[in-house]
Every structure is written in structure tokens, then in C-alpha cells.
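Take a look at the structure set out below.
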Amino acid sequence: MRSPASRRPVALVLAACALMATAVFGASTAQAQPAPCDNRVSPPPAVDTSEQVAPGTKPPPPLEVPENPVGGERMGECGIVLPANAEKPPDRITAKGWLIADLDSGAVLAGYDPHGRQRPASVMKVLLAMVVAKELSPGSTVAANADDIAQECTCIGLRNGAEYTVEQLLQALVMASGNDVAHALARRLGGLPSAIRKMNALAMELGALDTRAVTPSGLDAPGTSTSAYDVALIFRAAMGYPDFAQAVLTQRIDFPAPNGVGTVPVLNDNKMLTSYEGALGGRSGFTDDAQHTYVGAAERNGRRLVVVLLRGQQTPIKMTDQAAELLDYGFELPAGEPVGRLVDGAPQTKKKTQDAKPSPTSANVGPVAESHTTNTAMFKAFGNVGGPITAVAGLGLVLGLLMYLRNKKAKAARAARAAAQQQSG
């Protein structure tokens with residue numbers, strides 16, 4: 001029987017093994033549980049009845065979440081995403097998702113929850129406008145009907161039976177966000193189901209995998225989704241169509257009057273065209289569920305930037321002023337230190353289930369909170385569970401080696417005592 005003294009080294013090793021395993025497992029467990037990406041899969045719950053489905057039907061399932069974030073690994077972060085040593089962004093930004101990117105190179109300069117899924121409101125019209133610019137001749141015509149006129153407004157004021165050119169409707173769509181115009185253009189694209197399919201196919205083609213159009217105008221409906229990253233991606237692509245780029249920059253057109261007599265002015269409702277030097281145009285939106293949204297671009301010293309804000313508020317300053325502050329901030333950021341990239345076409349990404357994949361995130365204390373990553377060297381090397389298992393296995397090997405050496409030493413001692421006894425006998 002072993003004496004207490006002989007068992008003491010083994011007990012100490014076992015205790016040390018248990019303490020180290022507990023420490024490693026606890027640390028790895030903490031690392032494996034970052035704050036959740038609340039909107040990684042779906043936008044926030046609706047605040048009204050606009051997304052209720054008909055009795056006996058199910059809402060569309062959430063869009064699949066790519067295994068790898070489109071645009072780079074940092075685009076999957078839920079908090080603020082900045083280059084190293086960058087200054088803190090403006091502190092009056094209320095958007096729950098925002099992004100600044102170079103319109104020409106596609107370099108993403110900064111963002112907040114870039115792939116967080118939100119509702120677009122009327123910024124969805126940018127996607128519709130791009131389909132129109134891609135497929136329809138500006139000189140072709142569309143006859144308005146009663147369904148167009150019955151749309152939930154904002155409306156331009158179409159007249160039942162009157163004919164309009166695609167150019168006129170595209171300008172009115174982009175400049176003044178007419179829902180009646182959006183409906184008329186969708187019919188011209190083959191009807192609403194056809195137009196929606198074309199919009200979603202184009203979003204997929206571009207790599208905007210967070211985006212699902214359900215209405216041509218961006219009005220709330222079950223399954224509607226986009227992200228700050230996607231809106232920037234779509235706007236950048238739309239600016240490649242001269243008809244769209246000209247329309248968002250136009251401040252006024254004369255449009256056929258609703259009563260059929262003469263014309264009425266249609267004014268661009270993007271206030272940044274007159275308030276921000278170098279503005280290239282944009283589109284704002286609002287619904288009760290989406291809250292305030294905005295996408296726009298500006299040029300300074302030969303550099304063109306796009307800015308997106310989703311689910312923002314008009315206080316403490318207006319959304320266009322928030323956009324202006326983010327643009328000013330973006331123009332001060334170095335061009336050569338992107339945190340991601342607006343892709344040029346759909347990436348070949350593997351899809352996974354609809355479950356969100358936790359990503360490094362901030363402490364969720366607001367859009368200007370500092371980002372706290374959880375990927376320590378141990379976590380990166382071993383993952384959530386592998387770290388503790390590997391540590392315990394390693395300590396087990398050490399313990400086994402100690403026991404082997406101890407047994408070998410004891411056998412040698414017994415052999416020496418036996419030899420001594422034989423010689424003395």
C-alpha cells in the first residue's frame with residue numbers, strides 16, 4: 001500500500017490538471033459565446049400589421065445566411081467595423097446598419113453591422129430602377145391603370161388611361177419615389193410577379209444575398225429584407241446605368257398633370273442635392289417597420305463615395321445630415337485600408353441553414369460602440385470545444401508519463417533490493 005507521501009505528487013498533478021482544464025474550458029466557453037447578431041437572419045419584428053400573412057398561409061422563410069460573409073470576413077461583424085487606428089465615427093448616427101464604400105473601386109471603408117438584415121423602404125426602388133434601365137427602352141410607353149393609381153402613396157399622380165414614356169416614369173420613380181409609378185413599371189416588366197422575380201434575380205446576380213424584394217416599391221410585406229452592404233452594392237451597380245445616374249442627379253422635370261391638362265413639376269426630394277457639395281444623388285425611404293432609410297453618393301477631389309443608412313431616426317439630426325456626416329468621415333479615411341469590398345458579381349458562396357452564425361460583435365451599446373472581438377489565439381486555434389478537450393488530453397499525457405516514470409523507478413528499486421537480499425543470503 002502506498003504511503004500518503006507517495007500519493008502526494010500524483011494528487012498534486014491531478015489537482016493541477018483539473019484546475020487548468022476548468023480554466024481553459026471556462027475561458028473557451030466565454031470566447032464561444034459572443035453577443036448575438038440580432039439581425040443576422042431576419043429584420044426586427046414588424047411593428048404593425050403590414051407583414052401579416054393571409055389565414056392558412058405561412059410567411060416565406062428567411063433567406064439563407066452565407067457561410068462566409070460576402071465582401072470579406074469583417075463584413076460579418078455585427079458591431080462597428082473600422083480600419084486600424086481610425087478615428088471614431090460621428091456620434092449622432094442613429095442607423096442600426098450603415099456603410100461607407102468607394103463607388104469606383106468597391107472598397108468598403110467603414111460600416112456598422114454591414115450584413116445585418118433590415119427593411120429597405122423606398123431604397124428598394126433603386127433595384128427596380130436598375131431592372132427598368134436594363135430591360136426597357138426609354139422611349140417605350142406605359143398606360144396607367146386603376147391599380148397603379150390605387151397604390152399606397154407617396155404617389156406622383158398618374159391618370160387612368162394616360163400614356164407615359166419609360167423615361168418619364170423612371171425619372172419620377174427615382175426623383176420622387178412614386179409608388180404608383182413603381183406599380184406601373186412593374187406591370188410593364190411583365191406584371192408584378194415577373195418584376196419581383198427579375199428584381200430578385202438581379203440582386204442574386206450582383207451578390208446581394210441579404211436582399212429579397214416582395215413589392216416593387218419597397219413597401220413592407222412578409223419576407224422583405226436587405227442590408228447596408230447590399231444597398232451599397234446595388235446602388236453602385238445602378239450608377240453604372242446612365243439613365244439611372246442622370247435621374248438621381250436631376251432636380252426637376254415637368255411631368256404630365258393628373259387632370260390631363262399641361263404639366264406639373266416633379267422635384268427631387270433628396271435634400272442633399274442642394275445641401276451637400278459634390279452630391280451625386282440618392283434615394284430615401286420610410287415605413288413604420290423599416291423606419292428611415294437612405295442611400296446616396298458624393299464626389300470630392302476625384303473620389304466618389306456611397307453611403308447607406310438603414311433603420312435610422314430623424315433625431316437628433318435629419319437622416320440626410322447623418323449621411324453628410326458619414327460622407328465627411330469617409331472622405332477622411334485612407335483609401336488604401338479597406339475593411340471589405342463590394343463584390344463584382346455573385347460570389348460562389350456555400351450556403352448553410354437559416355440559423356445565424358455568431359460573428360465578432362460590439363457590446364451592442366449603440367451604433368458608435370467600440371467593437372470587441374472574441375477571437376483570441378486559443379479560440380482561433382482550437383474553436384469552441386476543441387480547446388478544452390485538447391488541453392485535458394495533453395495534461396492526461398503528462399500525467400500518464402509521470403505515472404510511467406514513477407512505476408519504472410519503483411520497479412528498479414524493488415529489483416535492487418531483491419539483488420541485495422540474495423547477496424546477503
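Every chain in the C-alpha cells takes a letter, A first, then B, and so on in the order presented; its residues are numbered from 1, and the ligands are numbered from 1 following the presented order.
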Within 10 Å of range 214-221 of chain A, counting only C-alpha atoms, which residues qualify if same-chain residues fewer than 6 places away don't, as a tab-separated table (two decimals) with all heavy atoms, in the first residue's frame?
```tsv
chain	number	residue	atom	x	y	z
A	46	ALA	N	-41.93	43.09	-37.01
A	46	ALA	CA	-42.74	44.19	-37.52
A	46	ALA	C	-43.48	44.87	-36.38
A	46	ALA	O	-43.82	44.25	-35.37
A	46	ALA	CB	-43.74	43.68	-38.55
A	48	ASP	N	-46.30	46.75	-37.06
A	48	ASP	CA	-47.70	46.91	-37.46
A	48	ASP	C	-48.18	45.64	-38.15
A	48	ASP	O	-47.55	44.58	-38.03
A	48	ASP	CB	-47.89	48.15	-38.35
A	48	ASP	CG	-47.03	48.09	-39.61
A	48	ASP	OD1	-46.59	46.97	-39.99
A	48	ASP	OD2	-46.81	49.12	-40.24
A	49	THR	N	-49.27	45.71	-38.85
A	49	THR	CA	-49.87	44.51	-39.46
A	49	THR	C	-49.45	44.31	-40.91
A	49	THR	O	-49.98	43.43	-41.59
A	49	THR	CB	-51.40	44.61	-39.39
A	49	THR	OG1	-51.84	45.76	-40.14
A	49	THR	CG2	-51.88	44.73	-37.95
A	50	SER	N	-48.50	45.08	-41.39
A	50	SER	CA	-48.16	45.04	-42.81
A	50	SER	C	-47.55	43.71	-43.24
A	50	SER	O	-47.57	43.38	-44.42
A	50	SER	CB	-47.18	46.17	-43.15
A	50	SER	OG	-45.98	46.01	-42.41
A	51	GLU	N	-47.01	42.95	-42.30
A	51	GLU	CA	-46.36	41.70	-42.66
A	51	GLU	C	-47.15	40.47	-42.22
A	51	GLU	O	-46.61	39.36	-42.22
A	51	GLU	CB	-44.94	41.68	-42.11
A	51	GLU	CG	-44.07	42.78	-42.71
A	51	GLU	CD	-42.60	42.61	-42.42
A	51	GLU	OE1	-42.20	41.54	-41.94
A	51	GLU	OE2	-41.85	43.56	-42.68
A	52	GLN	N	-48.40	40.67	-41.86
A	52	GLN	CA	-49.23	39.52	-41.54
A	52	GLN	C	-49.59	38.78	-42.83
A	52	GLN	O	-49.90	39.39	-43.85
A	52	GLN	CB	-50.51	39.97	-40.83
A	52	GLN	CG	-50.27	40.45	-39.40
A	52	GLN	CD	-51.57	40.82	-38.69
A	52	GLN	OE1	-52.64	40.79	-39.28
A	52	GLN	NE2	-51.46	41.16	-37.42
A	53	VAL	N	-49.55	37.45	-42.76
A	53	VAL	CA	-49.88	36.65	-43.94
A	53	VAL	C	-51.35	36.27	-43.90
A	53	VAL	O	-52.00	36.33	-42.85
A	53	VAL	CB	-49.00	35.39	-44.00
A	53	VAL	CG1	-47.54	35.77	-44.13
A	53	VAL	CG2	-49.21	34.52	-42.76
A	59	PRO	N	-45.56	32.53	-43.70
A	59	PRO	CA	-44.65	33.56	-44.22
A	59	PRO	C	-43.46	32.90	-44.90
A	59	PRO	O	-43.11	31.75	-44.58
A	59	PRO	CB	-44.22	34.32	-42.96
A	59	PRO	CG	-44.40	33.33	-41.84
A	59	PRO	CD	-45.58	32.49	-42.23
A	119	ARG	N	-35.15	46.28	-43.26
A	119	ARG	CA	-36.11	46.52	-44.35
A	119	ARG	C	-35.66	47.74	-45.15
A	119	ARG	O	-35.11	48.68	-44.59
A	119	ARG	CB	-37.51	46.74	-43.78
A	119	ARG	CG	-38.06	45.50	-43.06
A	119	ARG	CD	-39.38	45.80	-42.39
A	119	ARG	NE	-39.87	44.63	-41.67
A	119	ARG	CZ	-39.52	44.30	-40.43
A	119	ARG	NH1	-38.68	45.07	-39.76
A	119	ARG	NH2	-40.02	43.23	-39.85
A	120	PRO	N	-35.92	47.74	-46.45
A	120	PRO	CA	-35.36	48.80	-47.29
A	120	PRO	C	-36.21	50.05	-47.40
A	120	PRO	O	-35.68	51.13	-47.67
A	120	PRO	CB	-35.26	48.11	-48.65
A	120	PRO	CG	-36.40	47.14	-48.65
A	120	PRO	CD	-36.51	46.64	-47.23
A	121	ALA	N	-37.55	49.92	-47.27
A	121	ALA	CA	-38.46	51.00	-47.67
A	121	ALA	C	-38.12	51.39	-49.12
A	121	ALA	O	-37.78	50.53	-49.92
A	121	ALA	CB	-38.38	52.17	-46.71
A	122	SER	N	-38.17	52.67	-49.44
A	122	SER	CA	-38.08	53.07	-50.86
A	122	SER	C	-36.70	52.96	-51.47
A	122	SER	O	-36.56	53.17	-52.68
A	122	SER	CB	-38.60	54.50	-51.03
A	122	SER	OG	-40.02	54.51	-50.97
A	123	VAL	N	-35.66	52.64	-50.70
A	123	VAL	CA	-34.38	52.42	-51.35
A	123	VAL	C	-34.44	51.16	-52.22
A	123	VAL	O	-33.59	50.96	-53.10
A	123	VAL	CB	-33.20	52.32	-50.34
A	123	VAL	CG1	-33.05	53.62	-49.57
A	123	VAL	CG2	-33.37	51.14	-49.41
A	124	MET	N	-35.48	50.33	-52.03
A	124	MET	CA	-35.69	49.17	-52.91
A	124	MET	C	-35.97	49.62	-54.34
A	124	MET	O	-35.75	48.86	-55.29
A	124	MET	CB	-36.83	48.31	-52.39
A	124	MET	CG	-37.07	47.03	-53.18
A	124	MET	SD	-35.66	45.90	-53.16
A	124	MET	CE	-35.90	45.13	-51.55
A	125	LYS	N	-36.43	50.85	-54.51
A	125	LYS	CA	-36.72	51.35	-55.85
A	125	LYS	C	-35.46	51.45	-56.71
A	125	LYS	O	-35.54	51.48	-57.94
A	125	LYS	CB	-37.41	52.71	-55.78
A	125	LYS	CG	-38.84	52.65	-55.23
A	125	LYS	CD	-39.50	54.03	-55.27
A	125	LYS	CE	-40.98	53.97	-54.88
A	125	LYS	NZ	-41.19	53.84	-53.44
A	126	VAL	N	-34.30	51.52	-56.06
A	126	VAL	CA	-33.05	51.52	-56.83
A	126	VAL	C	-32.91	50.21	-57.60
A	126	VAL	O	-32.51	50.20	-58.77
A	126	VAL	CB	-31.84	51.73	-55.90
A	126	VAL	CG1	-30.53	51.63	-56.68
A	126	VAL	CG2	-31.93	53.09	-55.20
A	127	LEU	N	-33.27	49.10	-56.96
A	127	LEU	CA	-33.20	47.81	-57.64
A	127	LEU	C	-34.21	47.74	-58.79
A	127	LEU	O	-33.89	47.26	-59.89
A	127	LEU	CB	-33.45	46.69	-56.63
A	127	LEU	CG	-33.32	45.25	-57.15
A	127	LEU	CD1	-31.94	44.98	-57.71
A	127	LEU	CD2	-33.65	44.26	-56.03
A	128	LEU	N	-35.43	48.21	-58.56
A	128	LEU	CA	-36.43	48.25	-59.62
A	128	LEU	C	-35.96	49.14	-60.77
A	128	LEU	O	-36.08	48.77	-61.95
A	128	LEU	CB	-37.76	48.77	-59.08
A	128	LEU	CG	-38.86	49.01	-60.13
A	128	LEU	CD1	-39.27	47.72	-60.82
A	128	LEU	CD2	-40.08	49.69	-59.48
A	129	ALA	N	-35.42	50.31	-60.43
A	129	ALA	CA	-34.96	51.22	-61.48
A	129	ALA	C	-33.86	50.59	-62.32
A	129	ALA	O	-33.79	50.80	-63.54
A	129	ALA	CB	-34.46	52.52	-60.84
A	151	GLN	N	-52.43	52.58	-55.52
A	151	GLN	CA	-51.33	52.20	-54.64
A	151	GLN	C	-51.22	53.13	-53.43
A	151	GLN	O	-51.58	54.31	-53.49
A	151	GLN	CB	-49.99	52.24	-55.40
A	151	GLN	CG	-49.89	51.18	-56.48
A	151	GLN	CD	-50.05	49.79	-55.92
A	151	GLN	OE1	-49.30	49.33	-55.07
A	151	GLN	NE2	-51.08	49.09	-56.41
A	152	GLU	N	-50.76	52.54	-52.33
A	152	GLU	CA	-50.48	53.35	-51.14
A	152	GLU	C	-49.44	54.40	-51.49
A	152	GLU	O	-48.39	54.08	-52.03
A	152	GLU	CB	-49.97	52.44	-50.01
A	152	GLU	CG	-49.64	53.16	-48.72
A	152	GLU	CD	-49.11	52.23	-47.65
A	152	GLU	OE1	-49.32	50.99	-47.77
A	152	GLU	OE2	-48.47	52.73	-46.71
A	153	CYS	N	-49.74	55.64	-51.21
A	153	CYS	CA	-48.85	56.72	-51.64
A	153	CYS	C	-47.82	57.00	-50.55
A	153	CYS	O	-48.09	56.75	-49.39
A	153	CYS	CB	-49.65	57.98	-51.94
A	153	CYS	SG	-50.68	57.77	-53.42
A	173	LEU	N	-39.83	57.92	-60.63
A	173	LEU	CA	-39.58	56.88	-59.63
A	173	LEU	C	-38.38	57.23	-58.77
A	173	LEU	O	-38.43	57.15	-57.53
A	173	LEU	CB	-39.33	55.54	-60.35
A	173	LEU	CG	-38.94	54.37	-59.46
A	173	LEU	CD1	-40.15	53.81	-58.74
A	173	LEU	CD2	-38.26	53.26	-60.29
A	177	SER	N	-39.96	59.07	-55.75
A	177	SER	CA	-40.36	57.84	-55.06
A	177	SER	C	-41.84	57.51	-55.24
A	177	SER	O	-42.51	57.11	-54.29
A	177	SER	CB	-40.03	57.95	-53.56
A	177	SER	OG	-40.11	56.70	-52.93
A	178	GLY	N	-42.35	57.63	-56.46
A	178	GLY	CA	-43.77	57.37	-56.68
A	178	GLY	C	-44.11	55.89	-56.63
A	178	GLY	O	-43.60	55.10	-57.44
A	179	ASN	N	-44.97	55.49	-55.70
A	179	ASN	CA	-45.40	54.10	-55.63
A	179	ASN	C	-46.33	53.74	-56.78
A	179	ASN	O	-46.37	52.59	-57.21
A	179	ASN	CB	-46.08	53.83	-54.28
A	179	ASN	CG	-45.10	53.89	-53.13
A	179	ASN	OD1	-43.89	53.78	-53.31
A	179	ASN	ND2	-45.62	54.08	-51.92
A	180	ASP	N	-47.11	54.72	-57.24
A	180	ASP	CA	-47.95	54.46	-58.41
A	180	ASP	C	-47.09	54.20	-59.63
A	180	ASP	O	-47.38	53.33	-60.46
A	180	ASP	CB	-48.92	55.62	-58.65
A	180	ASP	CG	-48.26	57.00	-58.67
A	180	ASP	OD1	-47.04	57.10	-58.38
A	180	ASP	OD2	-48.96	57.99	-58.97
A	181	VAL	N	-46.00	54.94	-59.75
A	181	VAL	CA	-45.06	54.75	-60.87
A	181	VAL	C	-44.38	53.39	-60.77
A	181	VAL	O	-44.20	52.69	-61.78
A	181	VAL	CB	-44.03	55.89	-60.87
A	181	VAL	CG1	-42.90	55.60	-61.84
A	181	VAL	CG2	-44.70	57.23	-61.22
A	182	ALA	N	-43.99	53.00	-59.56
A	182	ALA	CA	-43.35	51.69	-59.37
A	182	ALA	C	-44.27	50.57	-59.82
A	182	ALA	O	-43.84	49.61	-60.48
A	182	ALA	CB	-42.96	51.51	-57.90
A	183	HIS	N	-45.55	50.70	-59.50
A	183	HIS	CA	-46.51	49.67	-59.88
A	183	HIS	C	-46.67	49.63	-61.40
A	183	HIS	O	-46.73	48.54	-62.00
A	183	HIS	CB	-47.85	49.95	-59.20
A	183	HIS	CG	-48.82	48.81	-59.27
A	183	HIS	ND1	-49.68	48.64	-60.34
A	183	HIS	CD2	-49.07	47.79	-58.41
A	183	HIS	CE1	-50.43	47.56	-60.13
A	183	HIS	NE2	-50.07	47.03	-58.97
A	184	ALA	N	-46.73	50.79	-62.03
A	184	ALA	CA	-46.88	50.84	-63.49
A	184	ALA	C	-45.67	50.24	-64.19
A	184	ALA	O	-45.80	49.49	-65.16
A	184	ALA	CB	-47.10	52.29	-63.94
A	185	LEU	N	-44.48	50.55	-63.71
A	185	LEU	CA	-43.27	50.00	-64.31
A	185	LEU	C	-43.19	48.48	-64.10
A	185	LEU	O	-42.73	47.75	-64.98
A	185	LEU	CB	-42.03	50.68	-63.73
A	185	LEU	CG	-41.79	52.11	-64.22
A	185	LEU	CD1	-40.70	52.78	-63.40
A	185	LEU	CD2	-41.42	52.12	-65.71
A	186	ALA	N	-43.63	48.02	-62.93
A	186	ALA	CA	-43.64	46.58	-62.68
A	186	ALA	C	-44.57	45.87	-63.66
A	186	ALA	O	-44.26	44.79	-64.17
A	186	ALA	CB	-44.05	46.30	-61.23
A	187	ARG	N	-45.72	46.47	-63.96
A	187	ARG	CA	-46.62	45.87	-64.94
A	187	ARG	C	-45.95	45.82	-66.31
A	187	ARG	O	-46.09	44.83	-67.04
A	187	ARG	CB	-47.92	46.67	-65.03
A	187	ARG	CG	-48.87	46.49	-63.88
A	187	ARG	CD	-50.25	47.05	-64.18
A	187	ARG	NE	-50.22	48.46	-64.56
A	187	ARG	CZ	-50.32	48.92	-65.80
A	187	ARG	NH1	-50.46	48.07	-66.82
A	187	ARG	NH2	-50.30	50.22	-66.05
A	192	LEU	N	-46.52	42.17	-61.84
A	192	LEU	CA	-45.82	42.22	-60.55
A	192	LEU	C	-45.01	40.97	-60.26
A	192	LEU	O	-43.83	41.09	-59.88
A	192	LEU	CB	-46.82	42.50	-59.42
A	192	LEU	CG	-46.91	43.98	-58.99
A	192	LEU	CD1	-47.43	44.85	-60.13
A	192	LEU	CD2	-47.77	44.14	-57.76
A	193	PRO	N	-45.56	39.75	-60.38
A	193	PRO	CA	-44.73	38.57	-60.09
A	193	PRO	C	-43.48	38.51	-60.96
A	193	PRO	O	-42.39	38.17	-60.47
A	193	PRO	CB	-45.67	37.40	-60.37
A	193	PRO	CG	-47.05	37.97	-60.19
A	193	PRO	CD	-46.96	39.37	-60.69
A	195	ALA	N	-41.90	41.10	-62.38
A	195	ALA	CA	-40.99	42.16	-61.97
A	195	ALA	C	-40.24	41.79	-60.70
A	195	ALA	O	-39.02	42.03	-60.58
A	195	ALA	CB	-41.76	43.47	-61.78
A	196	ILE	N	-40.96	41.21	-59.74
A	196	ILE	CA	-40.32	40.81	-58.48
A	196	ILE	C	-39.28	39.73	-58.73
A	196	ILE	O	-38.18	39.76	-58.17
A	196	ILE	CB	-41.38	40.32	-57.47
A	196	ILE	CG1	-42.32	41.48	-57.09
A	196	ILE	CG2	-40.72	39.74	-56.23
A	196	ILE	CD1	-41.64	42.65	-56.45
A	197	ARG	N	-39.61	38.77	-59.60
A	197	ARG	CA	-38.62	37.74	-59.93
A	197	ARG	C	-37.37	38.35	-60.56
A	197	ARG	O	-36.25	37.95	-60.24
A	197	ARG	CB	-39.23	36.71	-60.89
A	197	ARG	CG	-40.16	35.71	-60.23
A	197	ARG	CD	-40.43	34.52	-61.16
A	197	ARG	NE	-41.07	34.94	-62.40
A	197	ARG	CZ	-42.38	35.01	-62.57
A	197	ARG	NH1	-43.21	34.74	-61.56
A	197	ARG	NH2	-42.88	35.37	-63.74
A	199	MET	N	-36.25	41.42	-60.18
A	199	MET	CA	-35.52	42.17	-59.17
A	199	MET	C	-34.68	41.23	-58.30
A	199	MET	O	-33.50	41.50	-58.03
A	199	MET	CB	-36.50	42.97	-58.30
A	199	MET	CG	-37.17	44.12	-59.03
A	199	MET	SD	-38.54	44.87	-58.09
A	199	MET	CE	-37.64	45.67	-56.74
A	200	ASN	N	-35.28	40.13	-57.86
A	200	ASN	CA	-34.55	39.21	-57.00
A	200	ASN	C	-33.46	38.47	-57.75
A	200	ASN	O	-32.40	38.18	-57.19
A	200	ASN	CB	-35.52	38.23	-56.35
A	200	ASN	CG	-36.36	38.90	-55.27
A	200	ASN	OD1	-35.88	39.74	-54.53
A	200	ASN	ND2	-37.63	38.52	-55.18
A	285	GLY	N	-36.15	56.66	-47.86
A	285	GLY	CA	-37.37	55.90	-47.69
A	285	GLY	C	-37.83	55.89	-46.25
A	285	GLY	O	-37.07	56.21	-45.34
A	286	PHE	N	-39.09	55.53	-46.06
A	286	PHE	CA	-39.64	55.38	-44.71
A	286	PHE	C	-40.88	54.48	-44.75
A	286	PHE	O	-41.74	54.62	-45.62
A	286	PHE	CB	-40.05	56.72	-44.09
A	286	PHE	CG	-40.74	56.56	-42.77
A	286	PHE	CD1	-40.01	56.37	-41.60
A	286	PHE	CD2	-42.13	56.55	-42.70
A	286	PHE	CE1	-40.66	56.19	-40.38
A	286	PHE	CE2	-42.79	56.37	-41.48
A	286	PHE	CZ	-42.05	56.19	-40.31
A	287	THR	N	-40.94	53.55	-43.83
A	287	THR	CA	-42.17	52.85	-43.46
A	287	THR	C	-42.13	52.66	-41.95
A	287	THR	O	-41.07	52.81	-41.32
A	287	THR	CB	-42.30	51.46	-44.15
A	287	THR	OG1	-41.30	50.59	-43.60
A	287	THR	CG2	-42.17	51.56	-45.65
A	288	ASP	N	-43.25	52.30	-41.38
A	288	ASP	CA	-43.29	52.10	-39.93
A	288	ASP	C	-42.34	50.99	-39.50
A	288	ASP	O	-41.71	51.06	-38.44
A	288	ASP	CB	-44.71	51.76	-39.47
A	288	ASP	CG	-45.65	52.96	-39.56
A	288	ASP	OD1	-45.14	54.10	-39.58
A	288	ASP	OD2	-46.87	52.75	-39.63
A	289	ASP	N	-42.24	49.95	-40.31
A	289	ASP	CA	-41.37	48.83	-39.95
A	289	ASP	C	-39.91	49.09	-40.29
A	289	ASP	O	-39.01	48.72	-39.55
A	289	ASP	CB	-41.83	47.55	-40.65
A	289	ASP	CG	-43.12	47.01	-40.05
A	289	ASP	OD1	-43.40	47.31	-38.87
A	289	ASP	OD2	-43.86	46.30	-40.76
A	290	ALA	N	-39.66	49.70	-41.44
A	290	ALA	CA	-38.28	49.96	-41.87
A	290	ALA	C	-37.68	51.15	-41.13
A	290	ALA	O	-36.45	51.23	-41.01
A	290	ALA	CB	-38.24	50.22	-43.37
```
Helix (DSSP H, G or I) residues, from DSSP on the backbone, in range 159-271 of chain A, as a ChimeraX atom specification
/A:166-176,179-188,192-206,228-238,242-249
Just the residues within 7 Å of Val339 in chain A, please, counting only C-alpha atoms, with nothing from its chain fewer than 5 positions along; format it as a VMD selection string.
chain A and resid 74 82 to 83 108 to 110
Dump N, CA, C and O atoms for the selected residues as a PDB file, in the first residue's frame?
```
ATOM      1  N   ARG A  74     -14.653  40.592 -42.312  1.00  0.00           N
ATOM      2  CA  ARG A  74     -15.075  41.647 -41.383  1.00  0.00           C
ATOM      3  C   ARG A  74     -16.487  42.144 -41.680  1.00  0.00           C
ATOM      4  O   ARG A  74     -17.119  42.764 -40.819  1.00  0.00           O
ATOM      5  N   LEU A  82     -14.069  49.207 -38.538  1.00  0.00           N
ATOM      6  CA  LEU A  82     -13.214  50.326 -38.923  1.00  0.00           C
ATOM      7  C   LEU A  82     -11.813  49.834 -39.247  1.00  0.00           C
ATOM      8  O   LEU A  82     -11.391  48.773 -38.763  1.00  0.00           O
ATOM      9  N   PRO A  83     -11.050  50.606 -40.023  1.00  0.00           N
ATOM     10  CA  PRO A  83      -9.633  50.292 -40.200  1.00  0.00           C
ATOM     11  C   PRO A  83      -8.889  50.479 -38.880  1.00  0.00           C
ATOM     12  O   PRO A  83      -9.371  51.161 -37.959  1.00  0.00           O
ATOM     13  N   VAL A 108     -14.784  48.891 -49.172  1.00  0.00           N
ATOM     14  CA  VAL A 108     -15.605  49.297 -48.030  1.00  0.00           C
ATOM     15  C   VAL A 108     -14.686  49.960 -47.005  1.00  0.00           C
ATOM     16  O   VAL A 108     -13.707  49.368 -46.546  1.00  0.00           O
ATOM     17  N   LEU A 109     -15.001  51.189 -46.644  1.00  0.00           N
ATOM     18  CA  LEU A 109     -14.138  51.972 -45.765  1.00  0.00           C
ATOM     19  C   LEU A 109     -14.516  51.827 -44.307  1.00  0.00           C
ATOM     20  O   LEU A 109     -13.654  51.886 -43.430  1.00  0.00           O
ATOM     21  N   ALA A 110     -15.797  51.680 -44.023  1.00  0.00           N
ATOM     22  CA  ALA A 110     -16.264  51.559 -42.641  1.00  0.00           C
ATOM     23  C   ALA A 110     -17.709  51.104 -42.673  1.00  0.00           C
ATOM     24  O   ALA A 110     -18.401  51.222 -43.690  1.00  0.00           O
TER      25      ALA A 110
END
```
7 Å contact set for range 90-106 of chain A, only C-alpha atoms, chain neighbours under 3 positions out, as a list in words
Leu109, Ala110, Gly111, Tyr112, Asp113, Pro114, Gly116, Ala228, Tyr229, Arg236, Arg304, Leu305, Val306, Val307, Val308, Leu309, Leu310, Arg311, Gly312, Gln313, Pro316, Gln322, Glu325, Leu326, Gly330, Arg341, Leu342, Pro367 and Val368 of chain A
Residues just named, written with C-alpha atoms as a PDB file, in the first residue's frame:
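See out.pdb below for the written result:
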```pdb
ATOM      1  CA  LEU A 109     -14.138  51.972 -45.765  1.00  0.00           C
ATOM      2  CA  ALA A 110     -16.264  51.559 -42.641  1.00  0.00           C
ATOM      3  CA  GLY A 111     -19.574  50.172 -41.501  1.00  0.00           C
ATOM      4  CA  TYR A 112     -21.834  49.098 -38.706  1.00  0.00           C
ATOM      5  CA  ASP A 113     -23.458  45.647 -38.868  1.00  0.00           C
ATOM      6  CA  PRO A 114     -22.937  45.581 -42.660  1.00  0.00           C
ATOM      7  CA  GLY A 116     -27.460  42.893 -40.581  1.00  0.00           C
ATOM      8  CA  ALA A 228     -26.471  48.105 -45.669  1.00  0.00           C
ATOM      9  CA  TYR A 229     -23.890  46.115 -47.621  1.00  0.00           C
ATOM     10  CA  ARG A 236     -23.032  51.093 -57.085  1.00  0.00           C
ATOM     11  CA  ARG A 304     -16.626  59.062 -55.157  1.00  0.00           C
ATOM     12  CA  LEU A 305     -18.203  57.504 -52.088  1.00  0.00           C
ATOM     13  CA  VAL A 306     -21.545  55.823 -51.434  1.00  0.00           C
ATOM     14  CA  VAL A 307     -23.200  55.905 -48.018  1.00  0.00           C
ATOM     15  CA  VAL A 308     -26.079  53.776 -46.725  1.00  0.00           C
ATOM     16  CA  LEU A 309     -28.133  54.137 -43.536  1.00  0.00           C
ATOM     17  CA  LEU A 310     -30.886  51.695 -42.551  1.00  0.00           C
ATOM     18  CA  ARG A 311     -33.416  51.837 -39.701  1.00  0.00           C
ATOM     19  CA  GLY A 312     -32.482  55.311 -38.571  1.00  0.00           C
ATOM     20  CA  GLN A 313     -34.281  58.170 -36.847  1.00  0.00           C
ATOM     21  CA  PRO A 316     -31.066  64.355 -33.105  1.00  0.00           C
ATOM     22  CA  GLN A 322     -26.330  61.974 -40.751  1.00  0.00           C
ATOM     23  CA  GLU A 325     -21.516  63.467 -41.577  1.00  0.00           C
ATOM     24  CA  LEU A 326     -20.700  59.898 -42.582  1.00  0.00           C
ATOM     25  CA  GLY A 330     -15.440  58.632 -45.140  1.00  0.00           C
ATOM     26  CA  ARG A 341     -15.139  45.052 -50.634  1.00  0.00           C
ATOM     27  CA  LEU A 342     -18.311  45.436 -52.681  1.00  0.00           C
ATOM     28  CA  PRO A 367     -24.049  52.368 -33.474  1.00  0.00           C
ATOM     29  CA  VAL A 368     -20.843  54.032 -32.346  1.00  0.00           C
TER      30      VAL A 368
END
```
